file coords_32.tsv (TSV, C-alpha atoms)
chain	number	residue	atom	x	y	z
A	178	MET	CA	101.79	67.04	80.44
A	179	ALA	CA	99.98	63.98	79.21
A	180	ASP	CA	101.34	62.46	75.99
A	181	SER	CA	99.23	62.41	72.84
A	182	ASP	CA	98.15	58.79	73.40
A	183	GLY	CA	96.48	59.73	76.67
A	184	ALA	CA	94.90	62.98	75.50
A	185	THR	CA	91.18	63.52	76.10
A	186	ILE	CA	88.65	65.90	74.61
A	187	ILE	CA	88.41	67.83	77.91
A	188	GLU	CA	91.28	67.55	80.33
A	189	GLY	CA	90.32	65.70	83.48
A	190	ILE	CA	87.15	64.16	81.98
A	191	GLY	CA	87.15	60.82	80.24
A	192	ASP	CA	86.08	60.72	76.60
A	193	GLU	CA	83.40	58.10	77.40
A	194	VAL	CA	81.71	60.61	79.73
A	195	ILE	CA	81.63	63.22	76.96
A	196	HIS	CA	80.25	60.65	74.51
A	197	CYS	CA	77.48	59.72	76.96
A	198	LEU	CA	76.60	63.37	77.46
A	199	ILE	CA	76.37	63.95	73.71
A	200	GLY	CA	74.22	60.83	73.38
A	201	ALA	CA	71.87	62.09	76.09
A	202	VAL	CA	71.44	65.44	74.35
A	203	VAL	CA	70.87	63.86	70.93
A	204	ILE	CA	68.45	61.13	72.06
A	205	PHE	CA	66.58	62.18	75.18
A	206	ILE	CA	66.31	65.97	75.04
A	207	PRO	CA	64.31	65.99	71.76
A	208	ILE	CA	61.98	63.30	73.13
A	209	ILE	CA	61.34	65.30	76.32
A	210	LEU	CA	60.72	68.48	74.32
A	211	ILE	CA	58.29	66.69	72.00
A	212	MET	CA	56.29	65.19	74.86
A	213	THR	CA	56.26	68.47	76.80
A	214	GLY	CA	55.12	70.38	73.74
A	215	ARG	CA	52.25	67.97	73.11
A	216	ILE	CA	51.03	68.29	76.69
A	217	PHE	CA	51.08	72.08	76.95
A	218	ASN	CA	50.61	73.22	73.35
A	219	ARG	CA	47.48	71.56	72.00
A	220	ASN	CA	46.40	73.65	69.03
A	221	ASN	CA	42.85	72.75	68.05
A	222	ALA	CA	42.83	74.81	64.86
A	223	ILE	CA	42.16	72.89	61.65
A	224	HIS	CA	45.29	72.05	59.70
A	225	PRO	CA	45.27	73.76	56.26
A	226	GLU	CA	45.68	70.42	54.46
A	227	ASN	CA	42.48	69.13	56.09
A	228	GLU	CA	40.30	72.16	55.36
A	229	GLN	CA	38.54	70.60	52.37
A	230	ARG	CA	37.63	67.40	54.21
A	231	VAL	CA	36.42	69.40	57.21
A	232	GLN	CA	34.27	71.59	54.96
A	233	GLU	CA	32.72	68.46	53.43
A	234	THR	CA	32.03	67.11	56.91
A	235	ARG	CA	30.36	70.37	57.93
A	236	GLN	CA	28.16	70.25	54.87
A	237	HIS	CA	27.19	66.67	55.65
A	238	LEU	CA	26.24	67.63	59.19
A	239	ASN	CA	24.34	70.71	57.94
A	240	ARG	CA	26.17	72.80	60.54
A	241	GLN	CA	28.51	74.91	58.43
A	242	GLY	CA	28.90	78.43	59.82
A	243	ASN	CA	26.37	77.94	62.62
A	244	GLN	CA	27.71	79.53	65.79
A	245	PRO	CA	26.25	78.73	69.21
A	246	THR	CA	23.65	81.26	70.23
A	247	ASP	CA	24.05	80.96	73.98
A	248	GLY	CA	26.40	79.60	76.59
A	249	SER	CA	23.81	78.03	78.81
A	250	ALA	CA	25.45	74.61	78.80
A	251	SER	CA	27.99	74.18	81.58
A	252	VAL	CA	31.58	73.26	80.82
A	253	ASP	CA	31.13	70.03	82.75
A	254	GLN	CA	28.74	68.83	80.06
A	255	ARG	CA	31.20	69.39	77.23
A	256	GLY	CA	34.03	67.13	78.19
A	257	PRO	CA	37.04	66.64	80.44
A	258	SER	CA	38.28	69.18	82.97
A	259	TYR	CA	41.88	69.31	81.67
A	260	THR	CA	40.91	71.69	78.86
A	261	THR	CA	39.13	75.03	78.74
A	262	GLU	CA	38.42	74.80	75.00
A	263	ILE	CA	34.66	74.32	74.50
A	264	THR	CA	34.31	74.66	70.72
A	265	CYS	CA	34.64	71.81	68.27
A	266	PRO	CA	36.92	72.98	65.42
A	267	VAL	CA	34.99	70.87	62.89
A	268	CYS	CA	31.41	72.09	63.40
A	269	LEU	CA	32.35	75.38	65.13
A	270	GLN	CA	29.73	74.78	67.81
A	271	GLU	CA	29.95	73.93	71.48
A	272	ARG	CA	31.40	70.48	71.76
A	273	ARG	CA	28.90	67.67	72.33
A	274	LEU	CA	29.73	64.11	73.38
A	275	SER	CA	33.41	65.05	73.53
A	276	THR	CA	35.79	62.54	71.98
A	277	GLU	CA	39.58	62.64	72.24
A	278	THR	CA	42.10	61.39	69.71
A	279	ASN	CA	45.30	59.56	70.64
A	280	CYS	CA	47.19	62.78	69.83
A	281	GLY	CA	45.20	64.66	72.50
A	282	HIS	CA	42.76	66.77	70.43
A	283	LEU	CA	39.06	67.08	71.30
A	284	PHE	CA	36.08	67.11	68.95
A	285	CYS	CA	32.37	66.33	68.95
A	286	GLY	CA	32.01	62.57	68.72
A	287	GLU	CA	29.52	62.89	65.86
A	288	CYS	CA	31.89	65.20	63.96
A	289	LEU	CA	34.82	62.77	64.19
A	290	ILE	CA	32.73	59.81	63.06
A	291	ALA	CA	31.31	61.82	60.13
A	292	TYR	CA	34.84	63.02	59.28
A	293	TRP	CA	35.91	59.37	59.13
A	294	ARG	CA	32.95	57.99	57.18
A	295	HIS	CA	32.61	60.78	54.63
A	296	GLY	CA	36.26	61.75	54.13
A	297	ASN	CA	37.25	59.08	51.57
A	298	TRP	CA	39.89	57.65	53.90
A	299	LEU	CA	41.63	54.42	52.89
A	300	GLY	CA	42.53	53.67	56.51
A	301	ALA	CA	42.70	55.52	59.80
A	302	ILE	CA	41.96	59.24	59.60
A	303	ALA	CA	44.52	61.99	60.03
A	304	CYS	CA	43.76	64.30	62.94
A	305	PRO	CA	41.98	67.43	61.62
A	306	SER	CA	44.23	69.60	63.81
A	307	CYS	CA	47.72	68.09	63.61
A	308	ARG	CA	47.45	65.45	60.83
A	309	GLN	CA	48.88	62.69	63.04
A	310	GLN	CA	47.36	59.29	62.29
A	311	VAL	CA	44.39	58.70	64.60
A	312	THR	CA	44.41	55.07	65.68
A	313	LEU	CA	42.46	55.43	68.93
A	314	LEU	CA	39.38	57.41	69.96
A	315	PHE	CA	38.41	58.00	73.60
A	316	PRO	CA	34.87	58.94	74.65
A	317	VAL	CA	35.43	61.54	77.38
A	318	PHE	CA	31.98	63.12	77.52
A	319	THR	CA	30.05	63.58	80.76
A	320	GLU	CA	26.56	63.51	79.28
A	321	ASP	CA	24.23	60.60	80.09
A	322	PRO	CA	26.05	57.48	78.79
A	323	ASN	CA	22.76	55.56	78.59
A	324	SER	CA	21.14	57.86	76.02
A	325	ASP	CA	20.62	56.40	72.56
A	326	GLU	CA	22.96	58.99	71.02
A	327	ALA	CA	25.76	58.25	73.48
A	328	ARG	CA	25.42	54.49	73.16
A	329	GLY	CA	25.48	54.74	69.37
A	330	LEU	CA	28.61	56.90	69.51
A	331	VAL	CA	30.42	54.50	71.84
A	332	GLU	CA	29.57	51.64	69.49
A	333	ASP	CA	31.03	53.60	66.54
A	334	ILE	CA	34.16	54.43	68.57
A	335	ASN	CA	34.65	50.78	69.55
A	336	ASN	CA	34.28	49.79	65.91
A	337	TYR	CA	36.87	52.37	64.86
A	338	ASN	CA	39.33	51.29	67.55
A	339	ARG	CA	39.00	47.61	66.63
A	340	ARG	CA	39.76	48.41	62.99
A	341	PHE	CA	42.69	50.80	63.35
A	342	SER	CA	44.35	50.52	66.78
A	343	GLY	CA	46.70	47.77	65.62
A	344	GLN	CA	47.95	49.46	62.46
A	345	PRO	CA	51.77	49.51	62.03
A	346	ARG	CA	53.22	52.81	63.20
A	347	PRO	CA	56.71	54.36	63.48
A	348	ILE	CA	58.31	54.34	66.93
A	349	MET	CA	58.02	58.13	67.25
A	350	ASP	CA	54.22	57.87	67.03
A	351	TYR	CA	54.25	55.70	70.15
A	352	ILE	CA	56.24	58.40	71.92
A	353	TYR	CA	53.90	61.13	70.63
A	354	ASP	CA	50.92	59.24	72.08
A	355	LEU	CA	52.40	58.65	75.55
A	356	PRO	CA	51.01	61.81	77.25
A	357	THR	CA	47.43	61.02	76.19
A	358	LEU	CA	47.52	57.27	76.68
A	359	LEU	CA	49.28	57.33	80.05
A	360	ARG	CA	46.79	59.93	81.32
A	361	HIS	CA	43.93	57.59	80.42
A	362	VAL	CA	45.77	54.61	81.93
A	363	VAL	CA	46.17	56.39	85.26
A	364	ARG	CA	42.56	57.59	85.27
A	365	GLU	CA	41.16	54.12	84.52
A	366	PHE	CA	43.59	52.32	86.82
A	367	PHE	CA	42.03	54.03	89.84
A	368	SER	CA	38.47	53.76	88.52
A	369	PHE	CA	36.31	50.95	89.91
A	370	SER	CA	34.72	50.31	86.52
A	371	GLY	CA	37.87	51.04	84.52
A	372	LEU	CA	40.57	48.59	83.47
A	373	VAL	CA	40.17	44.84	83.81
A	374	TRP	CA	42.14	43.36	86.67
A	375	MET	CA	44.51	41.41	84.43
A	376	PHE	CA	45.69	44.65	82.85
A	377	ARG	CA	46.08	46.29	86.27
A	378	ILE	CA	48.26	43.37	87.35
A	379	ARG	CA	50.45	43.76	84.26
A	380	ILE	CA	50.92	47.45	85.04
A	381	LEU	CA	51.90	46.60	88.61
A	382	VAL	CA	54.39	44.01	87.33
A	383	CYS	CA	55.97	46.66	85.06
A	384	PHE	CA	56.12	49.09	87.98
A	385	LEU	CA	57.75	46.50	90.27
A	386	ALA	CA	60.23	45.52	87.53
A	387	ALA	CA	61.26	49.16	87.20
A	388	ILE	CA	61.77	49.47	90.97
A	389	LEU	CA	63.84	46.27	91.07
A	390	TYR	CA	66.04	47.57	88.25
A	391	PHE	CA	66.55	50.92	89.97
A	392	VAL	CA	67.57	49.34	93.31
A	393	SER	CA	69.69	46.65	91.68
A	394	PRO	CA	73.47	47.19	91.74
A	395	LEU	CA	73.59	46.05	88.11
A	396	ASP	CA	73.37	48.93	85.63
A	397	ILE	CA	73.90	49.25	81.91
A	398	ILE	CA	75.61	52.59	82.63
A	399	PRO	CA	76.86	52.43	86.26
A	400	GLU	CA	76.35	55.62	88.30
A	401	ALA	CA	79.49	54.83	90.28
A	402	VAL	CA	81.57	55.24	87.11
A	403	PHE	CA	79.67	57.87	85.13
A	404	GLY	CA	77.96	59.82	87.90
A	405	ILE	CA	74.74	61.54	86.92
A	406	LEU	CA	75.14	60.26	83.35
A	407	GLY	CA	74.51	56.80	84.76
A	408	LEU	CA	70.84	57.79	85.01
A	409	LEU	CA	70.53	57.58	81.22
A	410	ASP	CA	69.83	53.87	81.28
A	411	ASP	CA	67.18	54.42	83.96
A	412	VAL	CA	65.44	56.99	81.76
A	413	PHE	CA	65.64	54.59	78.82
A	414	ILE	CA	64.09	51.75	80.85
A	415	ILE	CA	61.26	54.05	82.01
A	416	LEU	CA	60.58	55.05	78.40
A	417	LEU	CA	60.49	51.42	77.24
A	418	LEU	CA	58.12	50.44	80.06
A	419	ALA	CA	55.86	53.41	79.30
A	420	ILE	CA	55.68	52.38	75.62
A	421	TYR	CA	54.96	48.78	76.63
A	422	VAL	CA	52.13	49.87	78.95
A	423	SER	CA	50.67	52.03	76.17
A	424	ILE	CA	50.77	49.07	73.75
A	425	ILE	CA	48.92	46.68	76.04
A	426	TYR	CA	46.46	49.47	76.87
A	427	ARG	CA	45.81	49.79	73.14
A	428	ASN	CA	44.89	46.10	73.07
A	429	VAL	CA	42.45	46.61	75.94
A	430	ILE	CA	40.81	49.55	74.15
A	431	ALA	CA	40.60	47.61	70.87
A	432	ASN	CA	38.78	44.74	72.60
A	433	ARG	CA	36.61	46.94	74.80
A	434	GLY	CA	33.52	46.63	72.59
A	435	GLN	CA	33.64	42.84	72.89
A	436	MET	CA	34.01	42.95	76.68
A	437	GLN	CA	31.03	45.26	77.22
call {"tool": "encode", "arguments": {"input": "coords_32.tsv", "output": "structure tokens"}}
result
Amino acid sequence: MADSDGATIIEGIGDEVIHCLIGAVVIFIPIILIMTGRIFNRNNAIHPENEQRVQETRQHLNRQGNQPTDGSASVDQRGPSYTTEITCPVCLQERRLSTETNCGHLFCGECLIAYWRHGNWLGAIACPSCRQQVTLLFPVFTEDPNSDEARGLVEDINNYNRRFSGQPRPIMDYIYDLPTLLRHVVREFFSFSGLVWMFRIRILVCFLAAILYFVSPLDIIPEAVFGILGLLDDVFIILLLAIYVSIIYRNVIANRGQMQ
């Protein structure tokens, strides 16, 4: 029998392995659950604390209580294909000139801009659905981008992004935004008219740096010693690189109005 000086929490397993396992559960499992929940559980209902501001926005738009009378417009004209929701929760009509927030909720572009301008906000708005701070807006509509209405909306969105995309935010907000921002990064990376080449090169550098770290024999937590727990540092590096890519993508979005 091992003496008390050599006792471990679980016989046959080193205490450092148990500590790493506990650290993985405490740190990474909640992050994965949060990101998974934000991808598959987008609730577009208005948050109770935002009801008054939304009502004021509806009154400003003169659209309160007006339901769409027909469904003649095709889904393709209402926004992106990754959602089947076609109603804007602010105006309660079929979504027009769909605009997405950094937290992944979709609204009419006109409704979001009116919600911002007439809601007595001191800074960036809180999402009408989840109350997360909205620091980026994405025009995701498929209507004619050269129409006067669409061009005016894009100008308003660029103005909003320039003003609020760089606001200080807690680290968890960067993690909350990863599903939405990385989806847009991937879509624009493979679009001919999407991201500027300098940003594409920076993404490739991050990707190559991650590969070099994974194939390198040097590890913060060596797999040879800790087994599968040695993958924790790899997950941490991936998370850091994803946050870094999202930050530089924010800078691109903030400056987009000046580049166009």
call {"tool": "closest_residue", "arguments": {"input": "coords_32.tsv", "among": "A:Pro266, A:Pro356, A:Pro225, A:Gly286", "to": "Glu326 in chain A", "atoms": "all atoms listed in the file"}}
result
A:Gly286
call {"tool": "atom_distance", "arguments": {"input": "coords_32.tsv", "atom1": "CA of Ser342 in chain A", "atom2": "CA of Arg294 in chain A"}}
result
16.7 Å
call {"tool": "closest_residue", "arguments": {"input": "coords_32.tsv", "among": "A:Phe284, A:Trp298, A:Phe384, A:Tyr292", "to": "Arg235 in chain A", "atoms": "all atoms listed in the file"}}
result
A:Tyr292
call {"tool": "closest_residue", "arguments": {"input": "coords_32.tsv", "among": "A:Pro347, A:Gln232, A:Phe318, A:His295", "to": "Arg272 in chain A", "atoms": "all atoms listed in the file"}}
result
A:Phe318
call {"tool": "residues_near_point", "arguments": {"input": "coords_32.tsv", "point": "(48.3, 72.5, 59.6)", "cutoff": "12 Å", "atoms": "all atoms listed in the file", "output": "PDB file with C-alpha atoms, in the coordinates of the input"}}
result
ATOM      1  CA  ASN A 220      46.400  73.650  69.030  1.00  0.00           C
ATOM      2  CA  ASN A 221      42.850  72.750  68.050  1.00  0.00           C
ATOM      3  CA  ALA A 222      42.830  74.810  64.860  1.00  0.00           C
ATOM      4  CA  ILE A 223      42.160  72.890  61.650  1.00  0.00           C
ATOM      5  CA  HIS A 224      45.290  72.050  59.700  1.00  0.00           C
ATOM      6  CA  PRO A 225      45.270  73.760  56.260  1.00  0.00           C
ATOM      7  CA  GLU A 226      45.680  70.420  54.460  1.00  0.00           C
ATOM      8  CA  ASN A 227      42.480  69.130  56.090  1.00  0.00           C
ATOM      9  CA  GLU A 228      40.300  72.160  55.360  1.00  0.00           C
ATOM     10  CA  ALA A 303      44.520  61.990  60.030  1.00  0.00           C
ATOM     11  CA  CYS A 304      43.760  64.300  62.940  1.00  0.00           C
ATOM     12  CA  PRO A 305      41.980  67.430  61.620  1.00  0.00           C
ATOM     13  CA  SER A 306      44.230  69.600  63.810  1.00  0.00           C
ATOM     14  CA  CYS A 307      47.720  68.090  63.610  1.00  0.00           C
ATOM     15  CA  ARG A 308      47.450  65.450  60.830  1.00  0.00           C
ATOM     16  CA  GLN A 309      48.880  62.690  63.040  1.00  0.00           C
TER      17      GLN A 309
END
call {"tool": "atom_distance", "arguments": {"input": "coords_32.tsv", "atom1": "CA of Thr312 in chain A", "atom2": "CA of Thr234 in chain A"}}
result
19.4 Å
call {"tool": "atom_distance", "arguments": {"input": "coords_32.tsv", "atom1": "CA of Thr264 in chain A", "atom2": "CA of Leu313 in chain A"}}
result
21.0 Å
call {"tool": "closest_residue", "arguments": {"input": "coords_32.tsv", "among": "A:Met349, A:Ala291, A:Val382, A:Val429", "to": "Cys268 in chain A", "atoms": "only C-alpha atoms"}}
result
A:Ala291
call {"tool": "closest_residue", "arguments": {"input": "coords_32.tsv", "among": "A:Asp333, A:Asp411, A:Asp325, A:Asp354", "to": "Ser423 in chain A", "atoms": "all atoms listed in the file"}}
result
A:Asp354
call {"tool": "closest_residue", "arguments": {"input": "coords_32.tsv", "among": "A:Ser324, A:Phe366, A:Glu271, A:Leu238", "to": "Leu289 in chain A", "atoms": "all atoms listed in the file"}}
result
A:Leu238
call {"tool": "build_atoms", "arguments": {"input": "coords_32.tsv", "residues": "range 284-295 of chain A", "atoms": "all heavy atoms", "output": "mmCIF file, in the coordinates of the input"}}
result
data_model
loop_
_atom_site.group_PDB
_atom_site.id
_atom_site.type_symbol
_atom_site.label_atom_id
_atom_site.label_comp_id
_atom_site.auth_asym_id
_atom_site.auth_seq_id
_atom_site.Cartn_x
_atom_site.Cartn_y
_atom_site.Cartn_z
ATOM 1 N N PHE A 284 37.088 66.771 69.938
ATOM 2 C CA PHE A 284 36.080 67.110 68.950
ATOM 3 C C PHE A 284 34.731 66.560 69.414
ATOM 4 O O PHE A 284 34.667 65.732 70.334
ATOM 5 C CB PHE A 284 36.412 66.493 67.583
ATOM 6 C CG PHE A 284 37.782 66.828 67.063
ATOM 7 C CD1 PHE A 284 38.880 66.041 67.389
ATOM 8 C CD2 PHE A 284 37.980 67.930 66.253
ATOM 9 C CE1 PHE A 284 40.146 66.336 66.915
ATOM 10 C CE2 PHE A 284 39.245 68.236 65.774
ATOM 11 C CZ PHE A 284 40.327 67.446 66.107
ATOM 12 N N CYS A 285 33.657 67.001 68.766
ATOM 13 C CA CYS A 285 32.370 66.330 68.950
ATOM 14 C C CYS A 285 32.521 64.892 68.442
ATOM 15 O O CYS A 285 33.125 64.653 67.393
ATOM 16 C CB CYS A 285 31.270 67.011 68.139
ATOM 17 S SG CYS A 285 30.847 68.681 68.661
ATOM 18 N N GLY A 286 31.944 63.944 69.171
ATOM 19 C CA GLY A 286 32.010 62.570 68.720
ATOM 20 C C GLY A 286 31.374 62.384 67.348
ATOM 21 O O GLY A 286 31.925 61.705 66.467
ATOM 22 N N GLU A 287 30.215 62.999 67.142
ATOM 23 C CA GLU A 287 29.520 62.890 65.860
ATOM 24 C C GLU A 287 30.363 63.467 64.726
ATOM 25 O O GLU A 287 30.395 62.920 63.615
ATOM 26 C CB GLU A 287 28.176 63.615 65.936
ATOM 27 C CG GLU A 287 27.367 63.545 64.650
ATOM 28 C CD GLU A 287 26.102 64.391 64.704
ATOM 29 O OE1 GLU A 287 25.910 65.090 65.729
ATOM 30 O OE2 GLU A 287 25.338 64.360 63.728
ATOM 31 N N CYS A 288 31.067 64.571 64.997
ATOM 32 C CA CYS A 288 31.890 65.200 63.960
ATOM 33 C C CYS A 288 33.043 64.283 63.548
ATOM 34 O O CYS A 288 33.362 64.158 62.351
ATOM 35 C CB CYS A 288 32.434 66.532 64.458
ATOM 36 S SG CYS A 288 31.176 67.800 64.698
ATOM 37 N N LEU A 289 33.709 63.651 64.518
ATOM 38 C CA LEU A 289 34.820 62.770 64.190
ATOM 39 C C LEU A 289 34.357 61.557 63.391
ATOM 40 O O LEU A 289 35.007 61.147 62.415
ATOM 41 C CB LEU A 289 35.519 62.307 65.471
ATOM 42 C CG LEU A 289 36.696 63.140 65.976
ATOM 43 C CD1 LEU A 289 37.313 62.485 67.198
ATOM 44 C CD2 LEU A 289 37.742 63.344 64.897
ATOM 45 N N ILE A 290 33.236 60.971 63.784
ATOM 46 C CA ILE A 290 32.730 59.810 63.060
ATOM 47 C C ILE A 290 32.329 60.192 61.646
ATOM 48 O O ILE A 290 32.614 59.461 60.679
ATOM 49 C CB ILE A 290 31.538 59.181 63.814
ATOM 50 C CG1 ILE A 290 31.995 58.665 65.198
ATOM 51 C CG2 ILE A 290 30.934 58.046 63.008
ATOM 52 C CD1 ILE A 290 33.089 57.625 65.153
ATOM 53 N N ALA A 291 31.678 61.353 61.476
ATOM 54 C CA ALA A 291 31.310 61.820 60.130
ATOM 55 C C ALA A 291 32.565 62.126 59.309
ATOM 56 O O ALA A 291 32.619 61.840 58.106
ATOM 57 C CB ALA A 291 30.421 63.055 60.247
ATOM 58 N N TYR A 292 33.575 62.713 59.948
ATOM 59 C CA TYR A 292 34.840 63.020 59.280
ATOM 60 C C TYR A 292 35.499 61.740 58.769
ATOM 61 O O TYR A 292 36.117 61.721 57.695
ATOM 62 C CB TYR A 292 35.737 63.746 60.278
ATOM 63 C CG TYR A 292 37.092 64.164 59.780
ATOM 64 C CD1 TYR A 292 37.235 65.205 58.865
ATOM 65 C CD2 TYR A 292 38.242 63.536 60.247
ATOM 66 C CE1 TYR A 292 38.492 65.595 58.409
ATOM 67 C CE2 TYR A 292 39.494 63.923 59.810
ATOM 68 C CZ TYR A 292 39.613 64.946 58.893
ATOM 69 O OH TYR A 292 40.855 65.336 58.464
ATOM 70 N N TRP A 293 35.362 60.668 59.534
ATOM 71 C CA TRP A 293 35.910 59.370 59.130
ATOM 72 C C TRP A 293 35.093 58.756 57.994
ATOM 73 O O TRP A 293 35.643 58.345 56.965
ATOM 74 C CB TRP A 293 35.947 58.445 60.340
ATOM 75 C CG TRP A 293 36.134 56.992 60.029
ATOM 76 C CD1 TRP A 293 36.993 56.440 59.121
ATOM 77 C CD2 TRP A 293 35.440 55.890 60.627
ATOM 78 N NE1 TRP A 293 36.882 55.074 59.122
ATOM 79 C CE2 TRP A 293 35.942 54.707 60.032
ATOM 80 C CE3 TRP A 293 34.466 55.791 61.616
ATOM 81 C CZ2 TRP A 293 35.470 53.439 60.391
ATOM 82 C CZ3 TRP A 293 34.008 54.532 61.985
ATOM 83 C CH2 TRP A 293 34.507 53.366 61.381
ATOM 84 N N ARG A 294 33.793 58.710 58.135
ATOM 85 C CA ARG A 294 32.950 57.990 57.180
ATOM 86 C C ARG A 294 32.772 58.710 55.855
ATOM 87 O O ARG A 294 32.535 58.066 54.829
ATOM 88 C CB ARG A 294 31.580 57.734 57.809
ATOM 89 C CG ARG A 294 31.621 56.674 58.910
ATOM 90 C CD ARG A 294 30.278 56.469 59.526
ATOM 91 N NE ARG A 294 30.281 55.304 60.418
ATOM 92 C CZ ARG A 294 29.312 55.032 61.277
ATOM 93 N NH1 ARG A 294 28.254 55.840 61.368
ATOM 94 N NH2 ARG A 294 29.387 53.962 62.044
ATOM 95 N N HIS A 295 32.889 60.017 55.852
ATOM 96 C CA HIS A 295 32.610 60.780 54.630
ATOM 97 C C HIS A 295 33.855 61.498 54.103
ATOM 98 O O HIS A 295 33.727 62.390 53.269
ATOM 99 C CB HIS A 295 31.494 61.792 54.896
ATOM 100 C CG HIS A 295 30.231 61.164 55.384
ATOM 101 N ND1 HIS A 295 29.344 60.514 54.553
ATOM 102 C CD2 HIS A 295 29.710 61.053 56.640
ATOM 103 C CE1 HIS A 295 28.335 60.048 55.257
ATOM 104 N NE2 HIS A 295 28.529 60.349 56.529
#
